[in-house]
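The next block is entry-v4.pdb, given as PDB, C-alpha atoms and all ligand atoms.
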```pdb
MODEL        1
ATOM      1  CA  VAL A   1     -15.935  37.057  26.846
ATOM      2  CA  SER A   2     -12.971  35.009  25.851
ATOM      3  CA  LEU A   3     -11.391  31.914  27.166
ATOM      4  CA  SER A   4      -7.855  32.400  28.254
ATOM      5  CA  LEU A   5      -5.679  29.916  29.972
ATOM      6  CA  SER A   6      -2.900  31.062  32.172
ATOM      7  CA  PRO A   7       0.440  29.726  30.988
ATOM      8  CA  THR A   8       1.098  28.775  34.579
ATOM      9  CA  PHE A   9      -2.132  26.797  34.827
ATOM     10  CA  ARG A  10      -1.444  23.133  35.341
ATOM     11  CA  ALA A  11      -3.811  20.230  35.682
ATOM     12  CA  VAL A  12      -2.369  16.876  36.465
ATOM     13  CA  PHE A  13      -4.107  13.548  35.970
ATOM     14  CA  HIS A  14      -3.411  11.277  38.930
ATOM     15  CA  SER A  15      -4.357   7.663  38.832
ATOM     16  CA  THR A  16      -5.956   8.146  42.248
ATOM     17  CA  VAL A  17      -8.210  10.873  40.874
ATOM     18  CA  SER A  18     -11.227   9.756  38.916
ATOM     19  CA  ARG A  19      -9.707   9.145  35.517
ATOM     20  CA  SER A  20     -12.882  10.338  33.935
ATOM     21  CA  MET A  21     -12.842  14.011  34.622
ATOM     22  CA  ALA A  22      -9.527  15.066  35.953
ATOM     23  CA  LEU A  23      -9.819  18.685  35.006
ATOM     24  CA  SER A  24     -12.813  20.853  35.149
ATOM     25  CA  GLY A  25     -13.288  24.479  35.332
ATOM     26  CA  ASP A  26     -10.681  26.954  34.337
ATOM     27  CA  LYS A  27     -13.237  29.714  34.285
ATOM     28  CA  ARG A  28     -11.174  32.783  33.536
ATOM     29  CA  ASP A  29     -12.944  35.439  31.514
ATOM     30  CA  GLY A  30     -16.164  33.460  31.404
ATOM     31  CA  GLY A  31     -14.798  30.572  29.352
ATOM     32  CA  GLU A  32     -14.646  27.105  30.848
ATOM     33  CA  LEU A  33     -12.572  24.138  29.816
ATOM     34  CA  ARG A  34     -13.596  20.578  30.646
ATOM     35  CA  VAL A  35     -11.187  17.793  29.747
ATOM     36  CA  PHE A  36     -12.070  14.096  30.012
ATOM     37  CA  VAL A  37      -9.825  11.088  29.836
ATOM     38  CA  ASP A  38     -12.791   8.963  28.923
ATOM     39  CA  THR A  39     -15.248   9.821  26.098
ATOM     40  CA  ASP A  40     -17.979   8.021  27.959
ATOM     41  CA  GLU A  41     -17.583  10.454  30.850
ATOM     42  CA  LEU A  42     -17.519  13.354  28.420
ATOM     43  CA  SER A  43     -20.864  12.116  27.072
ATOM     44  CA  THR A  44     -22.344  11.873  30.544
ATOM     45  CA  ASP A  45     -21.164  15.343  31.514
ATOM     46  CA  LEU A  46     -22.414  16.756  28.207
ATOM     47  CA  ALA A  47     -25.839  15.188  28.810
ATOM     48  CA  ASP A  48     -25.891  16.653  32.344
ATOM     49  CA  TYR A  49     -24.883  20.060  31.027
ATOM     50  CA  ILE A  50     -27.603  20.074  28.343
ATOM     51  CA  ALA A  51     -30.253  18.733  30.740
ATOM     52  CA  GLU A  52     -29.421  21.431  33.305
ATOM     53  CA  LEU A  53     -29.589  24.224  30.742
ATOM     54  CA  SER A  54     -32.862  22.837  29.433
ATOM     55  CA  GLU A  55     -34.341  22.791  32.933
ATOM     56  CA  ALA A  56     -33.165  26.318  33.722
ATOM     57  CA  SER A  57     -34.474  27.674  30.450
ATOM     58  CA  VAL A  58     -37.857  25.970  30.739
ATOM     59  CA  LYS A  59     -38.160  27.334  34.272
ATOM     60  CA  GLU A  60     -37.287  30.844  33.144
ATOM     61  CA  ARG A  61     -38.901  31.086  29.700
ATOM     62  CA  GLY A  62     -41.153  28.065  29.369
ATOM     63  CA  VAL A  63     -39.162  26.775  26.370
ATOM     64  CA  PHE A  64     -35.662  25.662  25.407
ATOM     65  CA  ALA A  65     -34.246  26.824  22.059
ATOM     66  CA  ILE A  66     -31.250  24.718  21.089
ATOM     67  CA  ALA A  67     -29.193  24.768  17.886
ATOM     68  CA  LEU A  68     -27.203  21.692  16.888
ATOM     69  CA  SER A  69     -24.307  20.923  14.579
ATOM     70  CA  GLY A  70     -23.531  17.673  12.794
ATOM     71  CA  GLY A  71     -20.545  15.387  13.112
ATOM     72  CA  SER A  72     -19.652  13.323  16.155
ATOM     73  CA  LEU A  73     -21.558  15.729  18.407
ATOM     74  CA  ILE A  74     -24.799  13.829  17.849
ATOM     75  CA  SER A  75     -23.468  10.482  19.033
ATOM     76  CA  LEU A  76     -21.723  12.245  21.934
ATOM     77  CA  MET A  77     -25.190  13.529  22.928
ATOM     78  CA  GLY A  78     -26.521   9.963  22.851
ATOM     79  CA  LYS A  79     -26.851   9.621  26.643
ATOM     80  CA  LEU A  80     -29.782  12.042  26.479
ATOM     81  CA  CYS A  81     -31.812   9.191  24.962
ATOM     82  CA  GLU A  82     -31.139   7.013  27.996
ATOM     83  CA  ALA A  83     -32.259   7.023  31.627
ATOM     84  CA  PRO A  84     -32.589   9.297  33.479
ATOM     85  CA  TYR A  85     -32.531  12.040  30.827
ATOM     86  CA  ASN A  86     -35.056  10.463  28.456
ATOM     87  CA  LYS A  87     -37.624  10.802  31.259
ATOM     88  CA  THR A  88     -36.413  13.869  33.163
ATOM     89  CA  VAL A  89     -35.814  16.264  30.272
ATOM     90  CA  ASP A  90     -38.918  18.252  29.312
ATOM     91  CA  TRP A  91     -38.679  17.312  25.615
ATOM     92  CA  ALA A  92     -42.007  18.901  24.711
ATOM     93  CA  LYS A  93     -40.501  22.309  25.492
ATOM     94  CA  TRP A  94     -37.548  21.883  23.130
ATOM     95  CA  TYR A  95     -37.339  23.908  19.919
ATOM     96  CA  ILE A  96     -34.615  22.485  17.732
ATOM     97  CA  PHE A  97     -32.548  24.258  15.079
ATOM     98  CA  TRP A  98     -29.417  23.590  13.087
ATOM     99  CA  VAL A  99     -26.379  25.834  13.361
ATOM    100  CA  ASP A 100     -25.457  24.620   9.906
ATOM    101  CA  GLU A 101     -26.855  22.220   7.388
ATOM    102  CA  ARG A 102     -25.712  20.692   4.145
ATOM    103  CA  VAL A 103     -28.019  21.589   1.262
ATOM    104  CA  VAL A 104     -29.102  18.046   0.440
ATOM    105  CA  ALA A 105     -32.398  16.176   0.751
ATOM    106  CA  LYS A 106     -33.458  15.442   4.324
ATOM    107  CA  ASN A 107     -33.158  11.708   3.708
ATOM    108  CA  HIS A 108     -29.653  12.032   2.215
ATOM    109  CA  VAL A 109     -26.798  10.417   4.099
ATOM    110  CA  ASP A 110     -25.058  13.855   4.289
ATOM    111  CA  SER A 111     -28.004  15.581   5.946
ATOM    112  CA  ASN A 112     -27.381  16.863   9.470
ATOM    113  CA  TYR A 113     -31.144  16.654  10.001
ATOM    114  CA  LYS A 114     -31.104  12.938   9.139
ATOM    115  CA  LEU A 115     -28.112  12.343  11.396
ATOM    116  CA  THR A 116     -29.894  14.043  14.294
ATOM    117  CA  LYS A 117     -33.255  12.447  13.579
ATOM    118  CA  ASP A 118     -31.780   8.948  13.465
ATOM    119  CA  GLY A 119     -29.404   9.419  16.391
ATOM    120  CA  LEU A 120     -31.474  11.523  18.760
ATOM    121  CA  LEU A 121     -34.822  12.976  17.763
ATOM    122  CA  SER A 122     -36.501   9.684  16.874
ATOM    123  CA  LYS A 123     -35.665   8.364  20.334
ATOM    124  CA  VAL A 124     -37.138  11.121  22.500
ATOM    125  CA  PRO A 125     -40.610  12.717  22.611
ATOM    126  CA  VAL A 126     -39.862  16.038  20.906
ATOM    127  CA  VAL A 127     -42.785  17.775  19.204
ATOM    128  CA  PRO A 128     -42.378  17.404  15.407
ATOM    129  CA  SER A 129     -43.548  20.983  14.759
ATOM    130  CA  HIS A 130     -40.778  22.271  17.049
ATOM    131  CA  VAL A 131     -38.086  20.723  14.859
ATOM    132  CA  HIS A 132     -36.869  23.371  12.415
ATOM    133  CA  SER A 133     -34.990  21.734   9.594
ATOM    134  CA  ILE A 134     -34.143  23.555   6.381
ATOM    135  CA  ASN A 135     -36.211  23.686   3.206
ATOM    136  CA  ASP A 136     -34.467  20.973   1.188
ATOM    137  CA  THR A 137     -36.266  21.681  -2.076
ATOM    138  CA  VAL A 138     -34.603  24.994  -2.956
ATOM    139  CA  SER A 139     -31.161  26.490  -3.649
ATOM    140  CA  ALA A 140     -28.668  27.172  -0.855
ATOM    141  CA  GLU A 141     -29.357  30.903  -1.122
ATOM    142  CA  LYS A 142     -33.112  30.439  -0.829
ATOM    143  CA  ALA A 143     -32.761  27.840   1.932
ATOM    144  CA  ALA A 144     -30.716  30.326   3.997
ATOM    145  CA  ALA A 145     -33.258  33.106   3.400
ATOM    146  CA  ASP A 146     -36.145  30.780   4.300
ATOM    147  CA  TYR A 147     -34.397  29.614   7.459
ATOM    148  CA  GLU A 148     -33.742  33.184   8.560
ATOM    149  CA  PHE A 149     -37.395  34.030   7.868
ATOM    150  CA  VAL A 150     -38.572  31.200  10.120
ATOM    151  CA  LEU A 151     -36.098  32.256  12.770
ATOM    152  CA  ARG A 152     -37.355  35.848  12.636
ATOM    153  CA  GLN A 153     -40.940  34.672  13.261
ATOM    154  CA  LEU A 154     -39.818  32.655  16.264
ATOM    155  CA  VAL A 155     -37.813  35.552  17.652
ATOM    156  CA  ARG A 156     -40.862  37.770  17.238
ATOM    157  CA  THR A 157     -42.929  35.363  19.323
ATOM    158  CA  ARG A 158     -39.996  34.885  21.714
ATOM    159  CA  VAL A 159     -39.787  31.130  21.220
ATOM    160  CA  VAL A 160     -36.208  32.157  20.601
ATOM    161  CA  SER A 161     -35.113  34.981  22.861
ATOM    162  CA  VAL A 162     -33.548  38.168  21.531
ATOM    163  CA  SER A 163     -30.201  39.673  22.411
ATOM    164  CA  ASP A 164     -30.422  42.901  24.376
ATOM    165  CA  ILE A 165     -27.329  44.328  22.709
ATOM    166  CA  SER A 166     -28.044  43.458  19.095
ATOM    167  CA  ASP A 167     -31.197  42.390  17.308
ATOM    168  CA  CYS A 168     -29.807  38.862  17.035
ATOM    169  CA  PRO A 169     -31.556  35.734  18.248
ATOM    170  CA  LYS A 170     -30.326  34.602  21.644
ATOM    171  CA  PHE A 171     -30.388  30.806  21.664
ATOM    172  CA  ASP A 172     -30.498  29.138  25.046
ATOM    173  CA  LEU A 173     -27.771  26.802  23.804
ATOM    174  CA  ILE A 174     -25.682  26.469  20.670
ATOM    175  CA  LEU A 175     -23.671  23.253  20.334
ATOM    176  CA  LEU A 176     -20.677  23.222  18.004
ATOM    177  CA  GLY A 177     -18.135  20.667  16.871
ATOM    178  CA  MET A 178     -14.793  21.681  15.404
ATOM    179  CA  GLY A 179     -12.988  20.275  12.380
ATOM    180  CA  PRO A 180      -9.220  19.619  12.292
ATOM    181  CA  ASP A 181      -8.923  22.871  10.277
ATOM    182  CA  GLY A 182     -10.567  24.831  13.099
ATOM    183  CA  HIS A 183     -13.920  25.290  11.349
ATOM    184  CA  VAL A 184     -17.108  25.512  13.332
ATOM    185  CA  ALA A 185     -20.630  25.408  11.882
ATOM    186  CA  SER A 186     -19.981  25.933   8.138
ATOM    187  CA  LEU A 187     -17.611  28.795   8.900
ATOM    188  CA  PHE A 188     -14.347  27.730   7.290
ATOM    189  CA  PRO A 189     -10.900  29.322   7.689
ATOM    190  CA  ASN A 190     -10.226  32.353   5.489
ATOM    191  CA  HIS A 191     -13.732  32.275   4.030
ATOM    192  CA  SER A 192     -15.557  35.563   3.474
ATOM    193  CA  VAL A 193     -18.510  34.097   5.385
ATOM    194  CA  LEU A 194     -16.555  34.862   8.575
ATOM    195  CA  ASP A 195     -17.104  38.574   7.894
ATOM    196  CA  GLU A 196     -20.861  38.353   7.512
ATOM    197  CA  LYS A 197     -22.310  40.729  10.086
ATOM    198  CA  LYS A 198     -25.737  41.533   8.701
ATOM    199  CA  GLU A 199     -27.447  38.221   7.998
ATOM    200  CA  TRP A 200     -28.399  35.730  10.691
ATOM    201  CA  VAL A 201     -28.257  32.787   8.332
ATOM    202  CA  THR A 202     -26.130  32.718   5.225
ATOM    203  CA  PHE A 203     -25.006  30.212   2.613
ATOM    204  CA  ILE A 204     -21.851  28.986   0.936
ATOM    205  CA  THR A 205     -21.470  27.013  -2.282
ATOM    206  CA  ASP A 206     -17.739  26.336  -2.040
ATOM    207  CA  SER A 207     -17.247  24.445   1.206
ATOM    208  CA  PRO A 208     -13.741  22.945   1.304
ATOM    209  CA  LYS A 209     -15.368  19.963   2.996
ATOM    210  CA  SER A 210     -17.935  18.075   0.938
ATOM    211  CA  PRO A 211     -20.776  18.678   0.267
ATOM    212  CA  PRO A 212     -20.009  22.167  -1.106
ATOM    213  CA  GLU A 213     -23.416  23.789  -0.554
ATOM    214  CA  ARG A 214     -24.365  24.640   2.999
ATOM    215  CA  ILE A 215     -26.295  27.121   5.053
ATOM    216  CA  THR A 216     -24.904  28.375   8.342
ATOM    217  CA  PHE A 217     -25.566  30.672  11.258
ATOM    218  CA  THR A 218     -23.236  33.654  11.178
ATOM    219  CA  LEU A 219     -20.811  34.570  13.949
ATOM    220  CA  PRO A 220     -23.035  37.349  15.371
ATOM    221  CA  VAL A 221     -25.797  34.785  15.963
ATOM    222  CA  ILE A 222     -23.439  32.247  17.527
ATOM    223  CA  ASN A 223     -21.919  34.909  19.759
ATOM    224  CA  SER A 224     -25.319  36.190  20.892
ATOM    225  CA  ALA A 225     -26.316  32.848  22.445
ATOM    226  CA  SER A 226     -26.766  32.482  26.203
ATOM    227  CA  ASN A 227     -24.608  29.365  26.147
ATOM    228  CA  VAL A 228     -22.197  27.984  23.581
ATOM    229  CA  ALA A 229     -20.449  24.624  23.901
ATOM    230  CA  VAL A 230     -17.654  23.454  21.617
ATOM    231  CA  VAL A 231     -17.344  19.672  21.767
ATOM    232  CA  VAL A 232     -14.108  18.287  20.365
ATOM    233  CA  THR A 233     -12.691  14.771  20.463
ATOM    234  CA  GLY A 234      -9.803  12.984  18.784
ATOM    235  CA  SER A 235      -6.144  13.629  18.099
ATOM    236  CA  SER A 236      -6.799  15.085  14.628
ATOM    237  CA  LYS A 237      -8.118  18.191  16.388
ATOM    238  CA  ALA A 238      -5.199  18.572  18.836
ATOM    239  CA  ASP A 239      -3.298  21.134  16.732
ATOM    240  CA  ALA A 240      -6.347  23.332  16.183
ATOM    241  CA  VAL A 241      -7.275  23.090  19.885
ATOM    242  CA  HIS A 242      -3.749  24.186  20.778
ATOM    243  CA  THR A 243      -3.858  27.063  18.282
ATOM    244  CA  VAL A 244      -7.184  28.336  19.578
ATOM    245  CA  LEU A 245      -6.928  27.788  23.331
ATOM    246  CA  ASP A 246      -3.237  28.528  23.756
ATOM    247  CA  MET A 247      -3.866  31.646  21.683
ATOM    248  CA  VAL A 248      -1.167  30.962  19.123
ATOM    249  CA  GLU A 249      -0.773  33.883  16.723
ATOM    250  CA  THR A 250      -1.914  32.985  13.220
ATOM    251  CA  GLU A 251      -2.190  35.133  10.112
ATOM    252  CA  SER A 252      -5.958  34.958  10.300
ATOM    253  CA  PRO A 253      -7.760  33.596  13.352
ATOM    254  CA  LEU A 254      -9.245  30.123  13.134
ATOM    255  CA  PRO A 255     -13.053  30.225  13.065
ATOM    256  CA  ALA A 256     -13.231  28.454  16.447
ATOM    257  CA  LYS A 257     -11.249  31.310  17.986
ATOM    258  CA  LEU A 258     -13.928  33.735  16.828
ATOM    259  CA  VAL A 259     -16.476  31.932  18.986
ATOM    260  CA  GLN A 260     -16.607  34.357  21.881
ATOM    261  CA  PRO A 261     -20.102  34.887  23.220
ATOM    262  CA  THR A 262     -20.557  38.577  24.013
ATOM    263  CA  LYS A 263     -22.530  37.973  27.187
ATOM    264  CA  GLY A 264     -23.126  34.238  27.147
ATOM    265  CA  LYS A 265     -21.170  31.414  28.685
ATOM    266  CA  LEU A 266     -18.653  29.401  26.680
ATOM    267  CA  VAL A 267     -17.662  25.834  27.579
ATOM    268  CA  TRP A 268     -15.169  23.654  25.708
ATOM    269  CA  PHE A 269     -15.569  19.889  26.159
ATOM    270  CA  LEU A 270     -12.403  18.019  25.150
ATOM    271  CA  ASP A 271     -11.205  14.462  25.390
ATOM    272  CA  SER A 272      -7.565  13.956  26.312
ATOM    273  CA  ALA A 273      -6.576  13.272  22.670
ATOM    274  CA  ALA A 274      -7.970  16.621  21.547
ATOM    275  CA  ALA A 275      -6.359  18.316  24.573
ATOM    276  CA  SER A 276      -3.013  16.544  24.155
ATOM    277  CA  LYS A 277      -1.179  19.525  22.661
ATOM    278  CA  LEU A 278      -2.436  22.130  25.097
ATOM    279  CA  GLU A 279       0.499  23.878  26.713
ATOM    280  CA  SER A 280      -1.633  24.964  29.598
ATOM    281  CA  ILE A 281      -2.385  21.408  30.648
ATOM    282  CA  LYS A 282       0.063  18.817  31.762
ATOM    283  CA  PHE A 283      -0.900  15.179  31.501
ATOM    284  CA  SER A 284       0.621  12.532  33.670
ATOM    285  CA  GLU A 285      -0.482   9.047  34.599
TER     286      GLU A 285
HETATM  287  O1  LIG A 301     -20.909  19.893   8.224
HETATM  288  C1  LIG A 301     -19.897  19.243   8.443
HETATM  289  O2  LIG A 301     -19.036  19.006   7.594
HETATM  290  C2  LIG A 301     -19.698  18.694   9.809
HETATM  291  O3  LIG A 301     -20.892  18.710  10.496
HETATM  292  C3  LIG A 301     -18.625  19.461  10.544
HETATM  293  O4  LIG A 301     -18.895  20.828  10.608
HETATM  294  C4  LIG A 301     -18.363  18.868  11.898
HETATM  295  O5  LIG A 301     -19.229  19.349  12.859
HETATM  296  C5  LIG A 301     -16.941  19.120  12.316
HETATM  297  O6  LIG A 301     -16.097  18.847  11.235
HETATM  298  C6  LIG A 301     -16.583  18.244  13.470
HETATM  299  O7  LIG A 301     -16.918  16.948  13.125
HETATM  300  P1  LIG A 301     -16.519  15.694  14.016
HETATM  301  O8  LIG A 301     -16.925  16.041  15.408
HETATM  302  O9  LIG A 301     -17.312  14.556  13.446
HETATM  303  O10 LIG A 301     -15.068  15.542  13.844
ENDMDL
END
```
Would you write the structure of this file as structure tokens?
Amino acid sequence: VSLSLSPTFRAVFHSTVSRSMALSGDKRDGGELRVFVDTDELSTDLADYIAELSEASVKERGVFAIALSGGSLISLMGKLCEAPYNKTVDWAKWYIFWVDERVVAKNHVDSNYKLTKDGLLSKVPVVPSHVHSINDTVSAEKAAADYEFVLRQLVRTRVVSVSDISDCPKFDLILLGMGPDGHVASLFPNHSVLDEKKEWVTFITDSPKSPPERITFTLPVINSASNVAVVVTGSSKADAVHTVLDMVETESPLPAKLVQPTKGKLVWFLDSAAASKLESIKFSE
């Protein structure tokens, strides 16, 4: 499954069209691109998307296993804490994981857990024992091993589903941000961690972005998910978005380009600043 945009594909923003979501749904090859003029509308659509996947998963499996990233994603998910989602989402059925985490104490300002707890989890009735944060008292290597161990238990009991083509966990939803360098999770460009095929969770101690020590899901786990969303806003990401979605040849592929769920569904959520260098989209007022 890969997202490819036809070079002839054109989406035009008209002032008569809702300026919020002028383009939705190039669905070639299973990938979908959603571009929003307004970040507020992006947030609303993202909340709808997550709420719908949660409902479908709870209906089908009785639970919803979601893995989150850090960064602006958490505030972009903020509408989930408001009506109607705060009441309509079946929060008690959520099992929450981190796609990547900085190896710092849980109360440290750099902690993705803290970011998520403060911005989301403390505002909705999730079950504390369903929130799987990392062991913050050990080394990065041990924290990755511990996290994978926990994940293996939950796959065994099918709280997290299992892929039918690999032994990998199959998350109901994995949410990613993307850095201006094209990194996703803690998978950075040209890093050997991109080649990790065996482990589900691994660690790095030399992140080019501070803090240096992190644990991260590997690409096979990300690409085994039922749904993967990449949520990208701001003009600093426009070059990387262009490189990945317009399929510009690079010496080594950007990590975000390697996000290609084998059987799952991929959706990119972009604001117009992040989408501004896409050749396959034409903006006009
Ligand atoms: O661990 C990190 O350093 C961040 O969590 C990082 O991976 C982030 O998700 C992206 O850089 C996008 O961040 P923004 O959406 O905030 O730009």
What does the PyMOL selection byres (((not hetatm)) within 6 of (chain A and resi 301)) select in this file, as JSON, numbers by chain?
{"A": [69, 70, 71, 72, 73, 177, 178, 179, 184, 185, 186, 209]}
Please build the interface table for range 164-220 of chain A against range 110-113 of chain A with a cut-off of 12 Å, listing for each qualifying residue the nearest atom pair and the distance in Å to one decimal; count all atoms listed in the file, order rows by chain and increasing number, and write it as a Markdown table.
```
| residue | atom | partner | partner_atom | distance |
| --- | --- | --- | --- | --- |
| A:Ala185 | CA | A:Asn112 | CA | 11.2 |
| A:Ser186 | CA | A:Asn112 | CA | 11.8 |
| A:Lys209 | CA | A:Asp110 | CA | 11.5 |
| A:Ser210 | CA | A:Asp110 | CA | 8.9 |
| A:Pro211 | CA | A:Asp110 | CA | 7.6 |
| A:Pro212 | CA | A:Asp110 | CA | 11.1 |
| A:Glu213 | CA | A:Asp110 | CA | 11.2 |
| A:Arg214 | CA | A:Ser111 | CA | 10.2 |
| A:Ile215 | CA | A:Asn112 | CA | 11.2 |
| A:Thr216 | CA | A:Asn112 | CA | 11.8 |
```
So which residues touch range 199-205 of chain A within 8 Å, counting all atoms listed in the file, skipping near sequence neighbours fewer than 4 positions away, as JSON, numbers by chain?
{"A": [140, 141, 144, 145, 147, 148, 168, 193, 212, 213, 214, 215, 216, 217, 218, 220, 221]}
Include C-alpha atoms and write out the residues we just selected as a PDB file, keeping the file's coordinate frame.
```pdb
ATOM      1  CA  ALA A 140     -28.668  27.172  -0.855  1.00  0.00           C
ATOM      2  CA  GLU A 141     -29.357  30.903  -1.122  1.00  0.00           C
ATOM      3  CA  ALA A 144     -30.716  30.326   3.997  1.00  0.00           C
ATOM      4  CA  ALA A 145     -33.258  33.106   3.400  1.00  0.00           C
ATOM      5  CA  TYR A 147     -34.397  29.614   7.459  1.00  0.00           C
ATOM      6  CA  GLU A 148     -33.742  33.184   8.560  1.00  0.00           C
ATOM      7  CA  CYS A 168     -29.807  38.862  17.035  1.00  0.00           C
ATOM      8  CA  VAL A 193     -18.510  34.097   5.385  1.00  0.00           C
ATOM      9  CA  PRO A 212     -20.009  22.167  -1.106  1.00  0.00           C
ATOM     10  CA  GLU A 213     -23.416  23.789  -0.554  1.00  0.00           C
ATOM     11  CA  ARG A 214     -24.365  24.640   2.999  1.00  0.00           C
ATOM     12  CA  ILE A 215     -26.295  27.121   5.053  1.00  0.00           C
ATOM     13  CA  THR A 216     -24.904  28.375   8.342  1.00  0.00           C
ATOM     14  CA  PHE A 217     -25.566  30.672  11.258  1.00  0.00           C
ATOM     15  CA  THR A 218     -23.236  33.654  11.178  1.00  0.00           C
ATOM     16  CA  PRO A 220     -23.035  37.349  15.371  1.00  0.00           C
ATOM     17  CA  VAL A 221     -25.797  34.785  15.963  1.00  0.00           C
TER      18      VAL A 221
END
```
Contacts of Asp146 in chain A within 8 Å, all atoms listed in the file, excl. fewer than 3 positions in-chain, as a ChimeraX atom specification
/A:134-135,142-143,149-150
Students should find that CA of Ile74 in chain A and CA of Gly119 in chain A are spaced 6.5 Å
Apply the PyMOL selection byres (((chain A and resi 173) around 12) and not hetatm) to the structure shown and report the selected residues as a VMD selection string.
chain A and resid 49 to 57 63 to 69 94 to 99 160 to 161 169 to 172 174 to 176 221 to 230 261 264 to 267
